[in-house]
Amino acid sequence: MVPGIVSYLLLVRYLKWLSVNAKSFNVGSYRRADTPQPTADFFDTGNAEGERLRRAAAEAAVHDMLHWFEHEGGHVGILDATNSTRSRRAWIEERCKSKGYDVMFVESKCDDEELIMNNILEVKTTSPDYIGQDPEVAARDFRDRIRNYEKVYETIDEPHLTYVKLINVSSQVIINQVSNYLQTRIIYFAMNLHITPRSIWLSRHGESEFNVLGKLGGDANLSPRGMAYAEALPGLVKGSVGNKDITLWTSTMKRTIQTVKHLNYPKKQWKALDELDAGVCDGLTYEEIEKKYPEDFRARDDDKYNYRYQAGESYRDVVIRLEPIIMEMERGSDIMVVTHQAILRCIYAYFMNVPQDQSPWMEIPLHTVIKLTPRAYGTQEERFKANIPAVSTFRAKYTSANMGGETAIVDAERVKSPIARAQANGVTTINGDVEAAPQKVEAISVAESLGLNDDTVVVE
Ligand SMILES: *[C@@H]1O[C@H](CO)[C@@H](O)[C@H](O)[C@H]1NC(C)=O
Ligand SMILES: *[C@@H]1O[C@H](CO)[C@@H](O)[C@H](O)[C@H]1NC(C)=O
């Protein structure tokens with residue numbers, strides 16, 4: 001038995017981003033309701049009371065998961081548990097199969113002691129079981145708990161079960177009896193996850209000539225202020241990039257390529273990073289769209305995520321074409337992405353776990369770099385704002401199309417608003433605005449800590 005390296009919270013986030021209704025059922029949090037901060041001997045197989053409570057917790061979690069499938073349209077339930085024995089797997093298989101649900105087991109096996117300790121320090125010392133305790137003591141206690149799991153641990157090798165076994169993160173991957181598409185997606189995702197620290201820098205292109213005119217789409221050049229942003233960009237990211245070997249990704253459009261002109265990193269252009277295709281509305285202003293296609297204008301506000309421009313795309317379409325990009329980002333190097341507003345909304349929503357009804361309305365201001373640092377327990381965010389004015393291309397829901405032009409300068413309030421939104425979603429802001437240029441705003445999304453291994457993914 002070994003500590004889990006696959007984060008089931010990340011898997012839930014990924015599936016939800018792809019519009020798959022997913023939820024994690026963590027046996028530990030059921031058990032925690034009765035025993036908030038147990039010591040390692042609670043997990044000793046010889047401790048009868050501990051055993052009884054842990055079994056009751058597992059039963060409650062499975063019960064709730066099956067209820068969720070049946071009554072709340074659940075699609076992929078993740079049972080996050082630690083009793084890695086043949087008889088327990090047979091029990092789970094039986095409970096789920098009797099209701100007609102497919103079961104896939106995921107075992108993350110690791111005998112690299114250094115990886116284990118790193119994982120414990122990064123993840124487990126932030127676990128609710130150890131809140132307020134000395135991290136060193138917590139880590140040692142957790143290592144003892146693992147030894148108790150190891151006593152009963154039986155690696156998965158039942159030939160008839162569907163399973164994936166990830167060894168030493170994903171140095172070796174063993175796959176057995178995989179039977180459907182969703183299972184292969186989950187395996188592919190788990191294989192791409194890793195635990196090396198890295199960051200992702202995101203920026204929109206500099207202000208373009210179309211932005212100034214309030215026009216959508218097109219393939220325009222940067223405006224003079226956009227060019228000034230391109231010149232300021234190396235200085236803006238220098239402090240946070242340091243001497244890291246980053247790769248720079250842009251779309252295939254002139255405005256993103258011109259924006260990275262002065263950055264000296266290896267560059268790669270992706271068609272998948274091109275702006276959301278506005279179809280028949282490409283090259284029009286919002287005012288013109290409101291006049292020419294009033295029903296479309298309204299329909300888009302009603303359901304912006306699903307609305308597809310005539311002969312163009314919806315946000316949902318964009319997410320599908322961005323999936324390989326996200327997978328590539330998960331593989332783990334430091335990357336800077338310079339692309340477009342709608343594309344950045346989708347990428348940001350993935351990393352910051354923003355729900356679909358909100359993500360298309362997020363403000364991603366021009367002339368601002370957003371640095372995201374994925375951690376085991378969530379994503380850390382910092383913003384660096386260049387002090388170069390730009391038009392705002394943001395239009396709020398059900399507002400008339402009168403934006404754009406020289407008057408709508410991005411101001412400090414607008415830059416702050418995504419953080420305010422994050423706070424409304426339970427995200428803690430760590431720093432406020434820092435006065436000096438470049439301005440820096442930081443937020444950390446706090447999620448529950450990871451679970452252990454031998455988790456059961458049930459795919460309906
Ligand atoms: C582990 O699973 C077995 C088989 O289902 C069960 O008998 C045992 O009580 C479980 N132990 C715990 C601590 O949940
Ligand atoms: C996992 O890592 C350990 C320690 O480095 C090594 O001894 C073991 O052979 C590795 N196993 C695999 C399957 O890579």
# chains A, B, ... in the order shown; residues from 1 in each chain; ligands from 1

$ residues_around --residues "Lys371 in chain A" --least-positions-apart "2" --cutoff "12 Å" --atoms "only C-alpha atoms" --output "short mmCIF file (atom, residue, chain, number, x, y, z; two decimals) with N, CA and C atoms, in the first residue's frame"
data_model
loop_
_atom_site.label_atom_id
_atom_site.label_comp_id
_atom_site.auth_asym_id
_atom_site.auth_seq_id
_atom_site.Cartn_x
_atom_site.Cartn_y
_atom_site.Cartn_z
N ARG A 198 5.50 23.08 -11.47
CA ARG A 198 5.66 23.88 -12.69
C ARG A 198 4.59 24.99 -12.68
N SER A 199 4.73 25.95 -13.59
CA SER A 199 3.75 27.03 -13.67
C SER A 199 3.31 27.23 -15.11
N ILE A 200 2.18 27.90 -15.24
CA ILE A 200 1.64 28.22 -16.56
C ILE A 200 1.34 29.71 -16.58
N TRP A 201 1.91 30.41 -17.56
CA TRP A 201 1.65 31.84 -17.68
C TRP A 201 0.66 32.03 -18.82
N LEU A 202 -0.39 32.81 -18.56
CA LEU A 202 -1.41 33.03 -19.58
C LEU A 202 -1.51 34.51 -19.90
N SER A 203 -1.63 34.82 -21.17
CA SER A 203 -1.88 36.22 -21.54
C SER A 203 -2.71 36.27 -22.81
N LEU A 236 7.72 42.09 -17.98
CA LEU A 236 6.60 41.74 -17.11
C LEU A 236 6.73 40.31 -16.57
N VAL A 237 7.26 39.40 -17.39
CA VAL A 237 7.33 38.00 -16.94
C VAL A 237 8.70 37.63 -16.37
N GLY A 239 10.58 38.48 -13.85
CA GLY A 239 10.68 38.17 -12.43
C GLY A 239 10.15 36.79 -12.08
N SER A 240 9.01 36.42 -12.66
CA SER A 240 8.42 35.15 -12.26
C SER A 240 8.94 33.97 -13.08
N VAL A 241 9.44 34.21 -14.29
CA VAL A 241 9.98 33.10 -15.09
C VAL A 241 11.41 32.79 -14.66
N ASP A 334 7.00 23.96 -17.87
CA ASP A 334 6.61 25.36 -17.69
C ASP A 334 6.24 25.92 -19.06
N ILE A 335 5.05 26.49 -19.16
CA ILE A 335 4.55 26.94 -20.46
C ILE A 335 3.94 28.33 -20.34
N MET A 336 4.20 29.14 -21.35
CA MET A 336 3.47 30.41 -21.43
C MET A 336 2.57 30.35 -22.66
N VAL A 337 1.30 30.70 -22.47
CA VAL A 337 0.33 30.61 -23.55
C VAL A 337 -0.21 32.01 -23.85
N VAL A 338 -0.01 32.46 -25.08
CA VAL A 338 -0.54 33.76 -25.48
C VAL A 338 -1.63 33.50 -26.52
N TYR A 348 -8.53 28.77 -18.20
CA TYR A 348 -8.58 29.25 -16.82
C TYR A 348 -9.65 28.47 -16.03
N PHE A 351 -8.28 25.07 -14.90
CA PHE A 351 -7.34 25.07 -13.78
C PHE A 351 -7.97 25.60 -12.49
N MET A 352 -8.92 26.54 -12.61
CA MET A 352 -9.49 27.14 -11.41
C MET A 352 -10.87 26.58 -11.07
N THR A 368 -2.44 41.90 -19.31
CA THR A 368 -2.26 41.33 -17.98
C THR A 368 -1.77 39.89 -18.13
N VAL A 369 -0.76 39.51 -17.36
CA VAL A 369 -0.29 38.13 -17.37
C VAL A 369 -0.85 37.43 -16.12
N THR A 373 -0.12 28.21 -10.83
CA THR A 373 0.78 27.16 -10.36
C THR A 373 -0.06 26.03 -9.77
N PRO A 374 -0.22 24.93 -10.54
CA PRO A 374 -1.02 23.82 -10.03
C PRO A 374 -0.33 23.15 -8.85
N THR A 379 -5.10 25.25 -7.35
CA THR A 379 -4.21 26.04 -8.21
C THR A 379 -3.98 27.41 -7.59
N GLN A 380 -2.73 27.82 -7.59
CA GLN A 380 -2.37 29.12 -7.05
C GLN A 380 -2.34 30.12 -8.21
N GLU A 381 -2.85 31.31 -7.99
CA GLU A 381 -2.92 32.29 -9.07
C GLU A 381 -2.25 33.61 -8.69
N GLU A 382 -1.51 34.16 -9.64
CA GLU A 382 -0.96 35.52 -9.47
C GLU A 382 -1.24 36.29 -10.75
N ARG A 383 -1.42 37.59 -10.64
CA ARG A 383 -1.63 38.41 -11.84
C ARG A 383 -0.60 39.54 -11.90
N PHE A 384 -0.10 39.78 -13.09
CA PHE A 384 0.85 40.87 -13.31
C PHE A 384 0.28 41.77 -14.39
N LYS A 385 0.00 42.99 -14.03
CA LYS A 385 -0.67 43.90 -14.96
C LYS A 385 0.34 44.90 -15.51
N LYS A 440 0.33 43.06 -8.83
CA LYS A 440 0.27 41.62 -8.62
C LYS A 440 -0.89 41.29 -7.69
N VAL A 441 -1.72 40.41 -8.13
CA VAL A 441 -2.85 39.97 -7.31
C VAL A 441 -2.71 38.46 -7.19
N GLU A 442 -2.96 37.94 -6.03
CA GLU A 442 -2.73 36.51 -5.85
C GLU A 442 -3.93 35.85 -5.18
N ALA A 443 -4.29 34.71 -5.65
CA ALA A 443 -5.37 33.97 -5.00
C ALA A 443 -4.99 32.50 -4.95
N ILE A 444 -5.44 31.80 -3.96
CA ILE A 444 -5.18 30.37 -3.90
C ILE A 444 -6.50 29.66 -3.77
#

$ residues_near_ligand --ligand "ligand 1" --cutoff "8 Å" --atoms "only C-alpha atoms and all ligand atoms" --output "VMD selection string"
chain A and resid 43 45 50 to 58 83 to 92

$ closest_atom_pairs --of "chain A" --to "ligand 2" --cutoff "6 Å" --atoms "only C-alpha atoms and all ligand atoms" --output "JSON lines"
{"residue": "A:Asp111", "atom": "CA", "partner": "ligand 2", "partner_atom_place_in_ligand_line": "3 (C)", "distance": 5.0}
{"residue": "A:Asp112", "atom": "CA", "partner": "ligand 2", "partner_atom_place_in_ligand_line": "4 (C)", "distance": 3.8}
{"residue": "A:Ile167", "atom": "CA", "partner": "ligand 2", "partner_atom_place_in_ligand_line": "13 (C)", "distance": 5.5}
{"residue": "A:Asn168", "atom": "CA", "partner": "ligand 2", "partner_atom_place_in_ligand_line": "1 (C)", "distance": 4.9}
{"residue": "A:Ser171", "atom": "CA", "partner": "ligand 2", "partner_atom_place_in_ligand_line": "14 (O)", "distance": 5.3}
{"residue": "A:Gln172", "atom": "CA", "partner": "ligand 2", "partner_atom_place_in_ligand_line": "13 (C)", "distance": 5.5}

$ write_last_selection --atoms "N, CA and C atoms" --output "JSON list (two decimals), in the first residue's frame"
[["chain", "number", "residue", "atom", "x", "y", "z"],
["A", 111, "ASP", "N", 7.11, 2.40, -5.02],
["A", 111, "ASP", "CA", 8.08, 1.94, -4.02],
["A", 111, "ASP", "C", 9.32, 2.83, -4.03],
["A", 112, "ASP", "N", 9.16, 4.01, -4.55],
["A", 112, "ASP", "CA", 10.24, 4.99, -4.52],
["A", 112, "ASP", "C", 10.04, 5.84, -3.26],
["A", 167, "ILE", "N", 2.50, 2.52, -11.74],
["A", 167, "ILE", "CA", 3.64, 2.21, -10.87],
["A", 167, "ILE", "C", 4.68, 3.34, -10.90],
["A", 168, "ASN", "N", 5.09, 3.77, -9.74],
["A", 168, "ASN", "CA", 6.01, 4.92, -9.60],
["A", 168, "ASN", "C", 5.49, 6.11, -10.42],
["A", 171, "SER", "N", 5.70, 5.51, -14.42],
["A", 171, "SER", "CA", 6.84, 4.89, -15.10],
["A", 171, "SER", "C", 6.37, 3.63, -15.81],
["A", 172, "GLN", "N", 5.46, 2.93, -15.15],
["A", 172, "GLN", "CA", 4.90, 1.73, -15.76],
["A", 172, "GLN", "C", 3.40, 1.75, -15.54]]

$ residues_around --residues "range 306-314 of chain A" --least-positions-apart "5" --cutoff "10 Å" --atoms "only C-alpha atoms" --output "list in words"
Glu275, Leu276, Asp277, Ala278, Gly279, Val280, Cys281, Asp282, Asp296, Phe297, Ala299, Arg300, Asp301, Val319, Ala342, Gln356, Asp357 and Pro360 of chain A

$ residues_around --residues "Leu15 in chain A" --least-positions-apart "5" --cutoff "12 Å" --atoms "only C-alpha atoms" --output "ChimeraX atom specification"
/A:8-10,20-24,74-78,182-183,185-186,189-190,319-320,323,350,353,355,459

$ closest_residue --among "A:Ser251, A:Thr285, A:Ser208, A:Asn176" --to "Leu161 in chain A" --atoms "only C-alpha atoms"
A:Asn176

$ residues_around --residues "Trp361 in chain A" --least-positions-apart "6" --cutoff "10 Å" --atoms "only C-alpha atoms" --output "number ranges by chain"
A: 301, 304-305, 342, 345, 394-397, 418

$ write_last_selection --atoms "N, CA and C atoms" --output "PDB file, in the first residue's frame"
ATOM      1  N   ASP A 301     -26.738  35.326 -24.853  1.00  0.00           N
ATOM      2  CA  ASP A 301     -26.734  35.731 -23.445  1.00  0.00           C
ATOM      3  C   ASP A 301     -27.473  34.727 -22.564  1.00  0.00           C
ATOM      4  N   LYS A 304     -24.639  31.206 -22.877  1.00  0.00           N
ATOM      5  CA  LYS A 304     -23.423  31.533 -23.626  1.00  0.00           C
ATOM      6  C   LYS A 304     -22.525  30.315 -23.832  1.00  0.00           C
ATOM      7  N   TYR A 305     -22.544  29.390 -22.868  1.00  0.00           N
ATOM      8  CA  TYR A 305     -21.658  28.228 -22.981  1.00  0.00           C
ATOM      9  C   TYR A 305     -22.046  27.363 -24.177  1.00  0.00           C
ATOM     10  N   ALA A 342     -11.729  34.005 -25.347  1.00  0.00           N
ATOM     11  CA  ALA A 342     -12.597  32.839 -25.111  1.00  0.00           C
ATOM     12  C   ALA A 342     -11.748  31.605 -24.779  1.00  0.00           C
ATOM     13  N   ARG A 345     -10.521  31.850 -21.279  1.00  0.00           N
ATOM     14  CA  ARG A 345     -11.600  31.562 -20.321  1.00  0.00           C
ATOM     15  C   ARG A 345     -11.716  30.056 -20.105  1.00  0.00           C
ATOM     16  N   PHE A 394     -14.880  43.454 -22.609  1.00  0.00           N
ATOM     17  CA  PHE A 394     -15.851  42.734 -21.789  1.00  0.00           C
ATOM     18  C   PHE A 394     -17.245  43.342 -21.922  1.00  0.00           C
ATOM     19  N   ARG A 395     -18.242  42.498 -22.157  1.00  0.00           N
ATOM     20  CA  ARG A 395     -19.628  42.966 -22.174  1.00  0.00           C
ATOM     21  C   ARG A 395     -20.407  42.088 -21.194  1.00  0.00           C
ATOM     22  N   ALA A 396     -21.072  42.723 -20.221  1.00  0.00           N
ATOM     23  CA  ALA A 396     -21.810  41.952 -19.215  1.00  0.00           C
ATOM     24  C   ALA A 396     -23.081  41.385 -19.808  1.00  0.00           C
ATOM     25  N   LYS A 397     -23.575  40.334 -19.170  1.00  0.00           N
ATOM     26  CA  LYS A 397     -24.795  39.656 -19.618  1.00  0.00           C
ATOM     27  C   LYS A 397     -25.968  40.630 -19.719  1.00  0.00           C
ATOM     28  N   PRO A 418     -12.221  39.472 -11.297  1.00  0.00           N
ATOM     29  CA  PRO A 418     -12.173  38.003 -11.290  1.00  0.00           C
ATOM     30  C   PRO A 418     -11.799  37.455  -9.912  1.00  0.00           C
TER      31      PRO A 418
END

$ closest_residue --among "A:Pro159, A:Gly332, A:Pro128, A:Pro389" --to "Gly226 in chain A" --atoms "only C-alpha atoms"
A:Pro389

$ closest_residue --among "A:Pro224, A:Lys271, A:Arg143, A:Glu59" --to "Glu113 in chain A" --atoms "only C-alpha atoms"
A:Arg143

$ select_by_dssp --residues "range 155-218 of chain A" --states "helix (DSSP H, G or I)" --output "PyMOL selection string"
chain A and resi 181-192+209-213

$ write_last_selection --atoms "N, CA and C atoms" --output "JSON list (two decimals), in the first residue's frame"
[["chain", "number", "residue", "atom", "x", "y", "z"],
["A", 181, "TYR", "N", -15.06, 3.91, -23.68],
["A", 181, "TYR", "CA", -14.33, 5.12, -24.05],
["A", 181, "TYR", "C", -13.94, 5.96, -22.84],
["A", 182, "LEU", "N", -14.90, 6.16, -21.93],
["A", 182, "LEU", "CA", -14.64, 7.01, -20.77],
["A", 182, "LEU", "C", -13.50, 6.43, -19.92],
["A", 183, "GLN", "N", -13.45, 5.12, -19.81],
["A", 183, "GLN", "CA", -12.36, 4.50, -19.05],
["A", 183, "GLN", "C", -11.01, 4.82, -19.70],
["A", 184, "THR", "N", -10.96, 4.78, -21.03],
["A", 184, "THR", "CA", -9.68, 5.08, -21.69],
["A", 184, "THR", "C", -9.30, 6.55, -21.49],
["A", 185, "ARG", "N", -10.30, 7.45, -21.47],
["A", 185, "ARG", "CA", -10.00, 8.87, -21.22],
["A", 185, "ARG", "C", -9.41, 9.05, -19.82],
["A", 186, "ILE", "N", -10.03, 8.38, -18.85],
["A", 186, "ILE", "CA", -9.59, 8.50, -17.46],
["A", 186, "ILE", "C", -8.16, 7.97, -17.30],
["A", 187, "ILE", "N", -7.88, 6.85, -17.95],
["A", 187, "ILE", "CA", -6.54, 6.26, -17.86],
["A", 187, "ILE", "C", -5.52, 7.21, -18.49],
["A", 188, "TYR", "N", -5.87, 7.75, -19.65],
["A", 188, "TYR", "CA", -4.96, 8.66, -20.34],
["A", 188, "TYR", "C", -4.67, 9.89, -19.47],
["A", 189, "PHE", "N", -5.71, 10.41, -18.84],
["A", 189, "PHE", "CA", -5.54, 11.56, -17.96],
["A", 189, "PHE", "C", -4.63, 11.21, -16.78],
["A", 190, "ALA", "N", -4.90, 10.08, -16.13],
["A", 190, "ALA", "CA", -4.11, 9.66, -14.97],
["A", 190, "ALA", "C", -2.64, 9.47, -15.36],
["A", 191, "MET", "N", -2.41, 8.98, -16.57],
["A", 191, "MET", "CA", -1.03, 8.76, -17.02],
["A", 191, "MET", "C", -0.28, 10.07, -17.21],
["A", 192, "ASN", "N", -1.02, 11.13, -17.54],
["A", 192, "ASN", "CA", -0.37, 12.41, -17.80],
["A", 192, "ASN", "C", -0.15, 13.25, -16.56],
["A", 209, "GLU", "N", -6.10, 45.99, -33.64],
["A", 209, "GLU", "CA", -6.85, 47.04, -34.36],
["A", 209, "GLU", "C", -8.35, 46.75, -34.31],
["A", 210, "PHE", "N", -8.72, 45.46, -34.34],
["A", 210, "PHE", "CA", -10.13, 45.08, -34.24],
["A", 210, "PHE", "C", -10.68, 45.39, -32.84],
["A", 211, "ASN", "N", -9.86, 45.14, -31.80],
["A", 211, "ASN", "CA", -10.31, 45.47, -30.43],
["A", 211, "ASN", "C", -10.68, 46.94, -30.35],
["A", 212, "VAL", "N", -9.84, 47.79, -30.94],
["A", 212, "VAL", "CA", -10.06, 49.23, -30.87],
["A", 212, "VAL", "C", -11.38, 49.61, -31.54],
["A", 213, "LEU", "N", -11.69, 48.92, -32.65],
["A", 213, "LEU", "CA", -12.93, 49.20, -33.38],
["A", 213, "LEU", "C", -14.13, 48.45, -32.79]]

$ residues_around --residues "Thr252 in chain A" --least-positions-apart "4" --cutoff "9 Å" --atoms "only C-alpha atoms" --output "JSON, numbers by chain"
{"A": [256, 257, 269, 270, 271, 272, 273, 274]}

$ atom_distance --atom1 "CA of Glu231 in chain A" --atom2 "CA of Ile347 in chain A"
24.7 Å

$ select_by_dssp --residues "range 131-341 of chain A" --states "strand (DSSP E)" --output "MDAnalysis selection string"
chainID A and resid 163:167 172:176 200:204 247:250 267:269 335:339

$ atom_distance --atom1 "CA of Leu166 in chain A" --atom2 "CA of Ile195 in chain A"
13.5 Å
